[in-house]
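Reproduced below: model_24.cif, with mmCIF, C-alpha atoms.
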data_work
#
loop_
_atom_site.label_atom_id
_atom_site.label_comp_id
_atom_site.auth_asym_id
_atom_site.auth_seq_id
_atom_site.Cartn_x
_atom_site.Cartn_y
_atom_site.Cartn_z
CA MET A 582 -159.73 -67.60 -141.97
CA SER A 583 -158.91 -67.63 -138.25
CA ILE A 584 -157.15 -70.65 -136.77
CA ASN A 585 -158.77 -72.07 -133.66
CA LEU A 586 -155.98 -72.20 -131.08
CA LEU A 587 -157.78 -74.96 -129.17
CA ASP A 588 -156.79 -77.20 -132.09
CA LEU A 589 -153.09 -76.84 -131.23
CA ASP A 590 -151.12 -78.82 -128.65
CA GLY A 591 -147.85 -77.48 -127.24
CA GLU A 592 -145.81 -78.20 -130.36
CA GLY A 593 -148.48 -76.85 -132.66
CA LEU A 594 -148.83 -73.63 -130.68
CA ALA A 595 -145.05 -73.15 -130.66
CA ALA A 596 -144.98 -73.48 -134.45
CA PHE A 597 -147.86 -71.02 -134.79
CA ILE A 598 -146.09 -68.45 -132.62
CA ALA A 599 -142.85 -68.94 -134.56
CA ASN A 600 -144.73 -68.21 -137.81
CA LEU A 601 -145.83 -64.92 -136.25
CA GLU A 602 -142.12 -64.18 -135.64
CA GLU A 603 -142.63 -64.03 -131.90
CA LYS A 604 -140.35 -65.37 -129.16
CA PRO A 605 -140.87 -69.04 -128.16
CA PHE A 606 -141.89 -68.25 -124.55
CA ARG A 607 -145.01 -66.52 -125.89
CA ALA A 608 -146.48 -69.91 -126.81
CA ARG A 609 -146.35 -71.09 -123.19
CA GLN A 610 -147.70 -67.77 -122.01
CA LEU A 611 -150.61 -68.05 -124.42
CA MET A 612 -151.26 -71.66 -123.43
CA ARG A 613 -151.56 -70.72 -119.76
CA TRP A 614 -154.07 -68.00 -120.57
CA MET A 615 -156.17 -70.29 -122.76
CA HIS A 616 -156.19 -73.51 -120.81
CA ARG A 617 -155.15 -72.82 -117.23
CA LEU A 618 -157.10 -69.58 -116.93
CA GLY A 619 -159.84 -70.32 -119.47
CA GLU A 620 -159.51 -66.99 -121.23
CA SER A 621 -160.85 -66.61 -124.78
CA ASP A 622 -160.43 -62.86 -125.26
CA PHE A 623 -156.93 -61.91 -126.38
CA ALA A 624 -157.49 -58.32 -125.21
CA ARG A 625 -157.70 -59.54 -121.59
CA MET A 626 -154.38 -61.40 -121.70
CA SER A 627 -152.72 -58.60 -119.77
CA ASP A 628 -149.09 -59.74 -119.78
CA VAL A 629 -149.04 -60.71 -123.47
CA ALA A 630 -147.35 -58.06 -125.62
CA LYS A 631 -149.89 -55.68 -127.15
CA SER A 632 -148.41 -56.23 -130.61
CA LEU A 633 -148.93 -60.00 -130.30
CA ARG A 634 -152.47 -59.50 -129.07
CA GLY A 635 -153.12 -57.51 -132.23
CA LYS A 636 -151.72 -60.27 -134.43
CA LEU A 637 -153.78 -62.89 -132.61
CA ALA A 638 -156.98 -60.88 -133.01
CA GLN A 639 -156.42 -60.85 -136.77
CA THR A 640 -155.33 -64.47 -137.28
CA ALA A 641 -156.72 -66.65 -134.49
CA CYS A 642 -159.64 -67.42 -132.20
CA ILE A 643 -160.35 -69.58 -129.14
CA SER A 644 -163.58 -71.33 -129.98
CA PRO A 645 -164.96 -74.33 -128.04
CA PRO A 646 -168.11 -76.21 -129.13
CA ARG A 647 -171.37 -74.36 -128.51
CA VAL A 648 -173.58 -75.58 -125.66
CA VAL A 649 -176.94 -76.73 -127.00
CA SER A 650 -178.36 -77.80 -123.64
CA HIS A 651 -177.27 -78.39 -120.06
CA SER A 652 -178.94 -80.88 -117.71
CA VAL A 653 -178.36 -81.48 -113.99
CA ALA A 654 -179.41 -84.69 -112.22
CA GLY A 655 -180.46 -84.91 -108.59
CA ASP A 656 -177.11 -86.44 -107.65
CA GLY A 657 -175.23 -83.46 -109.10
CA THR A 658 -174.23 -85.13 -112.35
CA ARG A 659 -174.19 -82.64 -115.22
CA LYS A 660 -174.53 -83.31 -118.94
CA TRP A 661 -173.78 -80.87 -121.72
CA LEU A 662 -175.00 -81.42 -125.27
CA LEU A 663 -172.47 -79.70 -127.54
CA ASP A 664 -172.93 -78.59 -131.14
CA VAL A 665 -170.15 -79.91 -133.41
CA GLY A 666 -171.66 -78.68 -136.66
CA LYS A 667 -173.86 -79.86 -139.54
CA GLY A 668 -176.60 -81.11 -137.25
CA ASN A 669 -174.30 -83.19 -135.02
CA ALA A 670 -174.06 -82.88 -131.25
CA VAL A 671 -172.06 -84.83 -128.66
CA ASP A 672 -172.30 -85.32 -124.92
CA ALA A 673 -169.89 -84.45 -122.10
CA VAL A 674 -170.70 -85.48 -118.51
CA PHE A 675 -169.34 -84.26 -115.17
CA ILE A 676 -169.66 -86.59 -112.17
CA PRO A 677 -168.99 -84.96 -108.78
CA GLU A 678 -167.84 -87.08 -105.85
CA THR A 679 -166.63 -86.27 -102.35
CA ASN A 680 -162.92 -86.29 -103.14
CA ARG A 681 -162.83 -85.87 -106.90
CA GLY A 682 -164.65 -84.63 -109.97
CA THR A 683 -164.62 -86.69 -113.14
CA LEU A 684 -165.32 -85.38 -116.63
CA CYS A 685 -166.37 -87.92 -119.26
CA ILE A 686 -165.67 -86.64 -122.76
CA SER A 687 -166.42 -87.74 -126.32
CA THR A 688 -163.98 -88.23 -129.21
CA GLN A 689 -166.30 -88.98 -132.15
CA ALA A 690 -169.72 -87.93 -133.38
CA GLY A 691 -171.29 -91.36 -133.13
CA CYS A 692 -169.28 -94.58 -133.28
CA THR A 693 -168.33 -97.11 -135.95
CA LEU A 694 -168.14 -100.14 -133.66
CA ALA A 695 -171.84 -101.02 -133.21
CA CYS A 696 -171.61 -102.56 -129.74
CA GLN A 697 -175.07 -104.00 -129.16
CA PHE A 698 -175.62 -102.68 -125.63
CA CYS A 699 -174.52 -99.08 -126.31
CA SER A 700 -176.87 -96.31 -127.38
CA THR A 701 -174.10 -94.44 -129.19
CA GLY A 702 -173.09 -97.54 -131.12
CA ARG A 703 -176.66 -98.13 -132.23
CA GLN A 704 -177.08 -94.73 -133.87
CA GLY A 705 -174.19 -94.93 -136.35
CA PHE A 706 -171.23 -92.66 -137.08
CA ASN A 707 -170.68 -89.25 -138.65
CA ARG A 708 -167.08 -88.15 -138.10
CA ASN A 709 -164.07 -87.80 -135.82
CA LEU A 710 -163.97 -84.78 -133.52
CA SER A 711 -161.21 -82.22 -133.92
CA VAL A 712 -158.69 -81.48 -131.17
CA ALA A 713 -160.62 -78.29 -130.37
CA GLU A 714 -163.86 -80.24 -130.06
CA ILE A 715 -162.26 -82.78 -127.72
CA ILE A 716 -160.22 -80.48 -125.47
CA GLY A 717 -162.98 -77.88 -125.79
CA GLN A 718 -165.20 -80.11 -123.66
CA LEU A 719 -162.71 -79.81 -120.78
CA TRP A 720 -162.24 -76.09 -121.43
CA LEU A 721 -166.00 -75.51 -121.37
CA ALA A 722 -166.69 -77.68 -118.35
CA ASN A 723 -164.10 -75.78 -116.31
CA ARG A 724 -165.75 -72.50 -117.25
CA GLU A 725 -169.33 -73.74 -116.75
CA LEU A 726 -168.45 -75.18 -113.34
CA GLY A 727 -167.05 -71.83 -112.25
CA ALA A 728 -163.38 -72.77 -111.94
CA THR A 729 -161.30 -69.79 -110.78
CA PRO A 730 -157.55 -69.15 -111.00
CA GLY A 731 -155.87 -70.35 -107.83
CA GLY A 732 -159.02 -72.10 -106.65
CA GLY A 733 -159.43 -75.79 -105.96
CA ARG A 734 -159.46 -78.00 -109.02
CA LEU A 735 -163.04 -79.05 -109.73
CA ILE A 736 -162.14 -81.52 -112.48
CA THR A 737 -159.51 -83.84 -111.06
CA ASN A 738 -160.00 -86.77 -113.45
CA VAL A 739 -160.81 -87.08 -117.14
CA VAL A 740 -162.09 -90.24 -118.79
CA LEU A 741 -162.36 -90.68 -122.54
CA MET A 742 -165.46 -92.84 -122.20
CA GLY A 743 -168.03 -90.68 -123.90
CA MET A 744 -169.25 -91.06 -127.46
CA GLY A 745 -166.90 -92.82 -129.88
CA GLU A 746 -163.81 -95.03 -129.87
CA PRO A 747 -160.84 -92.79 -128.97
CA LEU A 748 -158.24 -94.99 -130.65
CA LEU A 749 -160.02 -94.68 -134.01
CA ASN A 750 -159.45 -90.92 -133.80
CA PHE A 751 -155.88 -91.43 -132.71
CA GLU A 752 -154.01 -88.27 -133.79
CA ASN A 753 -156.59 -85.82 -132.47
CA THR A 754 -157.10 -87.81 -129.27
CA VAL A 755 -153.38 -87.90 -128.51
CA SER A 756 -153.01 -84.16 -129.15
CA ALA A 757 -155.86 -83.55 -126.69
CA LEU A 758 -154.28 -85.93 -124.17
CA LYS A 759 -150.99 -84.03 -124.38
CA LEU A 760 -152.82 -80.81 -123.53
CA MET A 761 -154.50 -82.45 -120.53
CA LEU A 762 -151.09 -83.54 -119.24
CA ASP A 763 -149.19 -80.32 -120.04
CA ASP A 764 -148.30 -78.35 -116.89
CA ASP A 765 -148.92 -75.09 -118.76
CA ALA A 766 -152.40 -76.27 -119.71
CA TYR A 767 -154.39 -78.59 -117.39
CA GLY A 768 -151.52 -80.33 -115.59
CA LEU A 769 -153.37 -83.59 -114.98
CA SER A 770 -151.49 -86.70 -113.89
CA ARG A 771 -151.29 -89.60 -116.36
CA ARG A 772 -152.84 -91.70 -113.60
CA ARG A 773 -155.89 -89.43 -113.56
CA VAL A 774 -156.54 -89.49 -117.30
CA THR A 775 -158.16 -92.71 -118.49
CA LEU A 776 -158.71 -93.78 -122.06
CA SER A 777 -161.39 -96.41 -122.62
CA THR A 778 -161.13 -98.62 -125.69
CA SER A 779 -163.15 -101.47 -127.12
CA GLY A 780 -159.90 -103.18 -128.05
CA VAL A 781 -158.23 -101.69 -131.15
CA VAL A 782 -155.05 -103.72 -130.65
CA PRO A 783 -152.57 -101.91 -132.97
CA MET A 784 -153.58 -98.53 -131.55
CA ILE A 785 -153.19 -99.78 -127.96
CA ASP A 786 -149.56 -100.53 -128.82
CA ARG A 787 -149.15 -97.12 -130.45
CA LEU A 788 -150.69 -95.32 -127.47
CA ALA A 789 -148.19 -97.05 -125.17
CA LYS A 790 -145.34 -95.57 -127.21
CA GLU A 791 -146.71 -92.07 -127.80
CA CYS A 792 -148.81 -91.07 -124.78
CA PRO A 793 -149.45 -93.76 -122.15
CA VAL A 794 -152.27 -92.91 -119.79
CA ALA A 795 -154.45 -95.12 -117.59
CA LEU A 796 -156.18 -97.73 -119.75
CA ALA A 797 -159.69 -99.14 -119.45
CA VAL A 798 -160.78 -101.92 -121.79
CA SER A 799 -164.45 -102.52 -122.58
CA LEU A 800 -164.53 -106.30 -122.24
CA HIS A 801 -168.17 -107.25 -121.55
CA ALA A 802 -167.79 -110.95 -122.41
CA PRO A 803 -165.43 -113.71 -121.21
CA ASN A 804 -165.23 -115.71 -124.45
CA ASP A 805 -164.90 -114.99 -128.16
CA ALA A 806 -168.23 -116.46 -129.22
CA LEU A 807 -170.24 -114.15 -126.97
CA ARG A 808 -168.02 -111.13 -127.49
CA ASP A 809 -168.31 -111.54 -131.29
CA LYS A 810 -172.07 -111.04 -130.89
CA LEU A 811 -171.93 -108.18 -128.41
CA MET A 812 -168.90 -106.36 -129.85
CA PRO A 813 -168.19 -106.92 -133.56
CA ILE A 814 -164.64 -105.57 -133.16
CA ASN A 815 -163.79 -108.87 -131.45
CA ARG A 816 -163.95 -110.62 -134.83
CA GLN A 817 -160.98 -108.49 -135.90
CA TYR A 818 -159.06 -108.48 -132.62
CA PRO A 819 -160.07 -111.57 -130.59
CA LEU A 820 -159.55 -111.90 -126.87
CA ALA A 821 -156.16 -113.63 -126.98
CA GLU A 822 -154.73 -110.74 -129.02
CA LEU A 823 -156.40 -108.19 -126.76
CA MET A 824 -155.02 -109.75 -123.56
CA ALA A 825 -151.52 -109.83 -125.10
CA ALA A 826 -151.82 -106.14 -125.99
CA CYS A 827 -152.84 -105.35 -122.40
CA GLN A 828 -149.76 -107.15 -121.10
CA ARG A 829 -147.55 -105.13 -123.44
CA TYR A 830 -149.25 -101.87 -122.44
CA LEU A 831 -148.52 -102.43 -118.76
CA LYS A 832 -144.79 -102.10 -119.46
CA ARG A 833 -145.31 -98.37 -120.12
CA ALA A 834 -148.56 -97.63 -118.29
CA PRO A 835 -148.72 -95.11 -115.41
CA ARG A 836 -150.68 -97.65 -113.37
CA ASN A 837 -149.68 -101.24 -112.71
CA PHE A 838 -153.06 -102.64 -113.73
CA ILE A 839 -155.62 -102.51 -116.53
CA THR A 840 -159.26 -101.75 -115.76
CA PHE A 841 -161.67 -104.11 -117.48
CA GLU A 842 -165.20 -102.78 -117.91
CA TYR A 843 -167.96 -105.40 -117.87
CA VAL A 844 -171.61 -104.45 -118.42
CA MET A 845 -174.05 -106.76 -116.65
CA LEU A 846 -176.77 -108.04 -119.00
CA GLU A 847 -179.39 -110.34 -117.54
CA GLY A 848 -179.22 -113.84 -118.96
CA VAL A 849 -176.51 -112.89 -121.44
CA ASN A 850 -173.15 -112.60 -119.67
CA ASP A 851 -173.93 -112.64 -115.95
CA GLY A 852 -173.86 -116.32 -114.96
CA GLU A 853 -171.38 -117.89 -112.54
CA GLU A 854 -169.88 -119.81 -115.45
CA HIS A 855 -169.20 -116.47 -117.17
CA ALA A 856 -167.47 -115.23 -114.01
CA ARG A 857 -165.21 -118.31 -113.96
CA GLN A 858 -164.39 -117.90 -117.65
CA LEU A 859 -163.55 -114.27 -116.95
CA ILE A 860 -161.17 -115.29 -114.16
CA ASP A 861 -159.34 -117.62 -116.55
CA LEU A 862 -159.24 -114.98 -119.30
CA VAL A 863 -157.57 -112.24 -117.22
CA SER A 864 -155.39 -114.50 -115.08
CA ARG A 865 -152.15 -113.25 -116.66
CA VAL A 866 -153.08 -109.55 -116.74
CA PRO A 867 -152.84 -107.53 -113.50
CA CYS A 868 -156.24 -105.90 -113.47
CA LYS A 869 -159.26 -104.46 -111.73
CA ILE A 870 -162.72 -105.37 -112.99
CA ASN A 871 -165.45 -102.76 -112.97
CA LEU A 872 -168.94 -104.25 -113.19
CA ILE A 873 -171.43 -101.87 -114.82
CA PRO A 874 -175.16 -102.36 -114.26
CA PHE A 875 -176.71 -102.02 -117.72
CA ASN A 876 -178.32 -98.63 -118.25
CA PRO A 877 -181.45 -99.02 -120.40
CA PHE A 878 -182.26 -97.09 -123.56
CA PRO A 879 -185.19 -97.48 -125.97
CA ASN A 880 -185.30 -100.71 -127.98
CA SER A 881 -182.01 -101.98 -126.60
CA GLY A 882 -183.25 -105.56 -126.27
CA PHE A 883 -181.35 -105.96 -122.98
CA VAL A 884 -182.26 -105.95 -119.29
CA ARG A 885 -180.06 -105.01 -116.34
CA SER A 886 -178.91 -107.96 -114.23
CA PRO A 887 -180.63 -108.08 -110.82
CA ARG A 888 -178.62 -106.76 -107.90
CA ARG A 889 -178.26 -110.20 -106.30
CA VAL A 890 -176.86 -111.60 -109.57
CA ILE A 891 -174.33 -108.77 -109.81
CA GLU A 892 -173.33 -109.29 -106.18
CA ARG A 893 -172.83 -113.03 -106.73
CA PHE A 894 -170.79 -112.38 -109.88
CA SER A 895 -168.61 -109.96 -107.89
CA GLU A 896 -168.20 -112.50 -105.08
CA VAL A 897 -166.93 -115.17 -107.48
CA LEU A 898 -164.39 -112.77 -108.97
CA GLY A 899 -163.33 -111.50 -105.55
CA ALA A 900 -162.81 -115.01 -104.22
CA SER A 901 -160.17 -115.53 -106.91
CA GLY A 902 -158.26 -112.45 -105.73
CA ILE A 903 -159.39 -110.06 -108.48
CA VAL A 904 -160.18 -106.54 -107.25
CA THR A 905 -163.78 -105.99 -108.32
CA THR A 906 -165.99 -102.93 -108.03
CA THR A 907 -169.55 -102.26 -109.12
CA ARG A 908 -170.06 -98.89 -110.71
CA LYS A 909 -172.67 -96.74 -109.04
CA THR A 910 -175.19 -95.61 -111.63
CA ARG A 911 -175.02 -91.84 -111.96
CA GLY A 912 -177.05 -89.46 -114.09
CA ASP A 913 -179.42 -92.02 -115.60
CA GLU A 914 -182.40 -89.66 -115.16
CA ILE A 915 -180.79 -87.30 -117.70
CA ASP A 916 -179.47 -90.12 -119.93
CA ALA A 917 -175.92 -89.40 -118.79
CA ALA A 918 -175.10 -92.87 -117.49
CA CYS A 919 -172.62 -95.27 -119.07
CA GLY A 920 -173.90 -96.55 -122.42
CA GLN A 921 -176.72 -93.99 -122.67
CA LEU A 922 -174.93 -91.17 -124.46
CA ALA A 923 -176.51 -90.66 -127.85
CA GLY A 924 -176.09 -86.99 -128.72
CA LYS A 925 -177.54 -86.09 -132.10
CA ILE A 926 -175.86 -87.65 -135.11
CA HIS A 927 -176.47 -87.53 -138.85
CA ASP A 928 -175.54 -91.16 -139.48
CA ARG A 929 -173.30 -91.55 -142.56
CA THR A 930 -173.11 -95.32 -142.01
CA ARG A 931 -176.91 -95.80 -142.24
CA ARG A 932 -176.52 -98.26 -139.39
CA SER A 933 -179.42 -97.02 -137.30
CA ALA A 934 -181.85 -97.91 -140.07
CA HIS A 935 -181.08 -101.62 -140.04
CA LEU A 936 -179.55 -102.54 -136.67
CA GLY A 937 -181.72 -104.58 -134.34
CA GLY A 938 -181.18 -105.59 -130.72
CA MET A 939 -179.71 -108.89 -129.63
CA ARG A 940 -182.16 -110.32 -127.15
CA SER A 941 -181.27 -112.71 -124.40
#
File written out as structure tokens:
Amino acid sequence: MSINLLDLDGEGLAAFIANLEEKPFRARQLMRWMHRLGESDFARMSDVAKSLRGKLAQTACISPPRVVSHSVAGDGTRKWLLDVGKGNAVDAVFIPETNRGTLCISTQAGCTLACQFCSTGRQGFNRNLSVAEIIGQLWLANRELGATPGGGRLITNVVLMGMGEPLLNFENTVSALKLMLDDDAYGLSRRRVTLSTSGVVPMIDRLAKECPVALAVSLHAPNDALRDKLMPINRQYPLAELMAACQRYLKRAPRNFITFEYVMLEGVNDGEEHARQLIDLVSRVPCKINLIPFNPFPNSGFVRSPRRVIERFSEVLGASGIVTTTRKTRGDEIDAACGQLAGKIHDRTRRSAHLGGMRS
């Protein structure tokens, strides 16, 4: 059975090449062909020894997930639905802007965390994605966007904010991160790779030690009582523990702040009193707060906060000195906006059959 080389980070590829009794530099050579140049045909790797190309053809393959569908929104946002086997499909989204291009990628087929306002969380969980399925989203997007060797980089930023909780697929996620950062692969800066977590405290500490990248924390509530309802993970890792973990992470982080994501739900978490509670909560954590207008999906039970309410919430935060931005909604017409990704999951948790919405 062929080994998928997209499953191997730098160390794994070096071990594979050593097992083929080839010189160590061949691993780096192969990595550049695969990831930097996006080549999947060993026969076209012109400066790789012919004998090695023969061995690779017999023992290995370069196989990203298959594209099921590709949608493009009017604002240029692109969404790919990718087949990850056994009836499961995940989403990857590219968001073009004037001075950068951001790829949002998934790490799980579904999600175990059941956040009430998230379409992915509502549909249940099937499995963790492999390294090849995670890094394959970046590999595919580069190819689909027409990236060329020596040309300008189209994907300048990667955010692990797609389907799933990255820190609950820790080993595979970190291997994929290492490929994103490797100069022989994608060569991205740690500051331009962002991992978004709902707050898995022990894994935040482990990420800081093994592969610190920019960190975004899905906060969405300023007190434990409300966050317990919106995000069940808070019952396991309450806000005091989460804030302490963020402080520890900053000692190793590539940026000197944490980004807190806060979805704006009308009548649920968007009052001025919530803003003041939020100020108190994050007062000891250097941070930026990103307000996210809620993106609707069927039977969510939530409504987006009105613009004037979001603006007032932002003003209260800004008056306290907290840098606050409001995320521009992108790709909602193709269900590619934050919180809308749902892919196609065979739910092993049977959650989707019994979960109901929390109404304001």
Quick one, how far is atom CA of A:Ile785 from atom CA of A:Pro747?
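Atom-to-atom, atom CA of A:Ile785 and atom CA of A:Pro747 are spaced 10.4 Å apart.
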Using all atoms listed in the file, which of the listed residues (A:Leu859, A:Leu633, A:Ala608, A:Ala802) sits closest to A:Gly899?
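For A:Gly899, the nearest of the given residues is A:Leu859.
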Report as JSON, numbers by chain all protein, DNA and RNA residues lying within 10 Å of stretch 819-823 of chain A, evaluated on only C-alpha atoms, omitting residues in the same chain fewer than 6 positions from it.
{"A": [779, 780, 781, 782, 783, 785, 798, 800, 802, 803, 804, 805, 806, 808, 809, 813, 829, 862, 863]}
Include C-alpha atoms and write out the residues we just selected as a PDB file, keeping the file's coordinate frame.
ATOM      1  CA  SER A 779    -163.150-101.470-127.120  1.00  0.00           C
ATOM      2  CA  GLY A 780    -159.900-103.180-128.050  1.00  0.00           C
ATOM      3  CA  VAL A 781    -158.230-101.690-131.150  1.00  0.00           C
ATOM      4  CA  VAL A 782    -155.050-103.720-130.650  1.00  0.00           C
ATOM      5  CA  PRO A 783    -152.570-101.910-132.970  1.00  0.00           C
ATOM      6  CA  ILE A 785    -153.190 -99.780-127.960  1.00  0.00           C
ATOM      7  CA  VAL A 798    -160.780-101.920-121.790  1.00  0.00           C
ATOM      8  CA  LEU A 800    -164.530-106.300-122.240  1.00  0.00           C
ATOM      9  CA  ALA A 802    -167.790-110.950-122.410  1.00  0.00           C
ATOM     10  CA  PRO A 803    -165.430-113.710-121.210  1.00  0.00           C
ATOM     11  CA  ASN A 804    -165.230-115.710-124.450  1.00  0.00           C
ATOM     12  CA  ASP A 805    -164.900-114.990-128.160  1.00  0.00           C
ATOM     13  CA  ALA A 806    -168.230-116.460-129.220  1.00  0.00           C
ATOM     14  CA  ARG A 808    -168.020-111.130-127.490  1.00  0.00           C
ATOM     15  CA  ASP A 809    -168.310-111.540-131.290  1.00  0.00           C
ATOM     16  CA  PRO A 813    -168.190-106.920-133.560  1.00  0.00           C
ATOM     17  CA  ARG A 829    -147.550-105.130-123.440  1.00  0.00           C
ATOM     18  CA  LEU A 862    -159.240-114.980-119.300  1.00  0.00           C
ATOM     19  CA  VAL A 863    -157.570-112.240-117.220  1.00  0.00           C
TER      20      VAL A 863
END
Extract, using all atoms listed in the file, all DNA, RNA and protein residues at most 8 Å from A:Pro835, discarding same-chain residues fewer than 6 positions from it, and format them as a list in words.
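So, after excluding close chain neighbours, the residues are Arg771, Arg772, Pro793, Val794 and Ala795 of chain A.
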Take the PyMOL selection byres ((chain A and resi 706-715) around 8), run it mentally on this structure, and tell me the resulting residues as a ChimeraX atom specification.
/A:585-589,644-646,665,669,686-693,702,704-705,716-719,750,753-754,756-757,926-930
Would you please work out which residue, of A:Met626, A:Ile873, A:Val866, A:Cys642, is nearest to A:Glu847 when using all atoms listed in the file?
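Ranking A:Met626, A:Ile873, A:Val866, A:Cys642 by distance to A:Glu847, first place goes to A:Ile873.
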Can you translate the PyMOL selection byres ((chain A and resi 624) around 12) into the concrete residues it hits in this file, as number ranges by chain?
A: 611, 614, 620-623, 625-639, 642
Now that the selection is made, can you save its residues with C-alpha atoms as a PDB file, keeping the file's coordinate frame?
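In the end it all went to part_33.pdb:
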ATOM      1  CA  LEU A 611    -150.610 -68.050-124.420  1.00  0.00           C
ATOM      2  CA  TRP A 614    -154.070 -68.000-120.570  1.00  0.00           C
ATOM      3  CA  GLU A 620    -159.510 -66.990-121.230  1.00  0.00           C
ATOM      4  CA  SER A 621    -160.850 -66.610-124.780  1.00  0.00           C
ATOM      5  CA  ASP A 622    -160.430 -62.860-125.260  1.00  0.00           C
ATOM      6  CA  PHE A 623    -156.930 -61.910-126.380  1.00  0.00           C
ATOM      7  CA  ARG A 625    -157.700 -59.540-121.590  1.00  0.00           C
ATOM      8  CA  MET A 626    -154.380 -61.400-121.700  1.00  0.00           C
ATOM      9  CA  SER A 627    -152.720 -58.600-119.770  1.00  0.00           C
ATOM     10  CA  ASP A 628    -149.090 -59.740-119.780  1.00  0.00           C
ATOM     11  CA  VAL A 629    -149.040 -60.710-123.470  1.00  0.00           C
ATOM     12  CA  ALA A 630    -147.350 -58.060-125.620  1.00  0.00           C
ATOM     13  CA  LYS A 631    -149.890 -55.680-127.150  1.00  0.00           C
ATOM     14  CA  SER A 632    -148.410 -56.230-130.610  1.00  0.00           C
ATOM     15  CA  LEU A 633    -148.930 -60.000-130.300  1.00  0.00           C
ATOM     16  CA  ARG A 634    -152.470 -59.500-129.070  1.00  0.00           C
ATOM     17  CA  GLY A 635    -153.120 -57.510-132.230  1.00  0.00           C
ATOM     18  CA  LYS A 636    -151.720 -60.270-134.430  1.00  0.00           C
ATOM     19  CA  LEU A 637    -153.780 -62.890-132.610  1.00  0.00           C
ATOM     20  CA  ALA A 638    -156.980 -60.880-133.010  1.00  0.00           C
ATOM     21  CA  GLN A 639    -156.420 -60.850-136.770  1.00  0.00           C
ATOM     22  CA  CYS A 642    -159.640 -67.420-132.200  1.00  0.00           C
TER      23      CYS A 642
END
Would you compute the distance between atom CA of A:Leu758 and atom CA of A:Ala789? Give it in Å to one decimal.
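Result for atom CA of A:Leu758 versus atom CA of A:Ala789: 12.7 Å, one decimal.
Residues with at least one atom no more than 9 Å from (-149.7, -74.5, -118.0), using all atoms listed in the file, are Arg609, Gln610, Met612, Arg613, Trp614, His616, Arg617, Leu618, Leu760, Asp763, Asp764, Asp765, Ala766, Tyr767 and Gly768 of chain A.
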Around stretch 847-859 of chain A, fit a box with edges along x, y and z, padding it by 4 Å on each side, then list its centre and edge lengths in Å to one decimal as JSON.
{"center_x": -171.5, "center_y": -115.1, "center_z": -117.0, "size_x": 23.8, "size_y": 17.5, "size_z": 16.9}
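Closest approach to A:Leu741 among A:Leu684, A:Val653, A:Ala599, A:Leu594 is made by A:Leu684 (distances from all atoms listed in the file).
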Please return stretch 872-880 of chain A, rebuilt to N, CA, C and O atoms, as a compact mmCIF listing (two decimals), keeping the file's coordinate frame.
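The resulting file, part-v4.txt, is reproduced below:
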# COMPACT_ATOMS: atom_id res chain seq x y z
N LEU A 872 -167.65 -103.76 -112.74
CA LEU A 872 -168.94 -104.25 -113.19
C LEU A 872 -169.89 -103.06 -113.36
O LEU A 872 -170.00 -102.21 -112.47
N ILE A 873 -170.57 -103.00 -114.50
CA ILE A 873 -171.43 -101.87 -114.82
C ILE A 873 -172.87 -102.37 -114.97
O ILE A 873 -173.18 -103.08 -115.93
N PRO A 874 -173.75 -102.03 -114.05
CA PRO A 874 -175.16 -102.36 -114.26
C PRO A 874 -175.65 -101.72 -115.57
O PRO A 874 -175.43 -100.54 -115.80
N PHE A 875 -176.25 -102.52 -116.42
CA PHE A 875 -176.71 -102.02 -117.72
C PHE A 875 -177.69 -100.86 -117.54
O PHE A 875 -178.61 -100.93 -116.73
N ASN A 876 -177.45 -99.79 -118.29
CA ASN A 876 -178.32 -98.63 -118.25
C ASN A 876 -179.23 -98.66 -119.47
O ASN A 876 -178.76 -98.57 -120.60
N PRO A 877 -180.54 -98.80 -119.28
CA PRO A 877 -181.45 -99.02 -120.40
C PRO A 877 -181.58 -97.82 -121.32
O PRO A 877 -181.41 -96.67 -120.91
N PHE A 878 -181.88 -98.11 -122.58
CA PHE A 878 -182.26 -97.09 -123.56
C PHE A 878 -183.29 -97.72 -124.48
O PHE A 878 -183.43 -98.95 -124.53
N PRO A 879 -184.07 -96.93 -125.19
CA PRO A 879 -185.19 -97.48 -125.97
C PRO A 879 -184.75 -98.54 -126.97
O PRO A 879 -183.76 -98.37 -127.69
N ASN A 880 -185.50 -99.64 -127.01
CA ASN A 880 -185.30 -100.71 -127.98
C ASN A 880 -183.92 -101.36 -127.91
O ASN A 880 -183.41 -101.85 -128.91
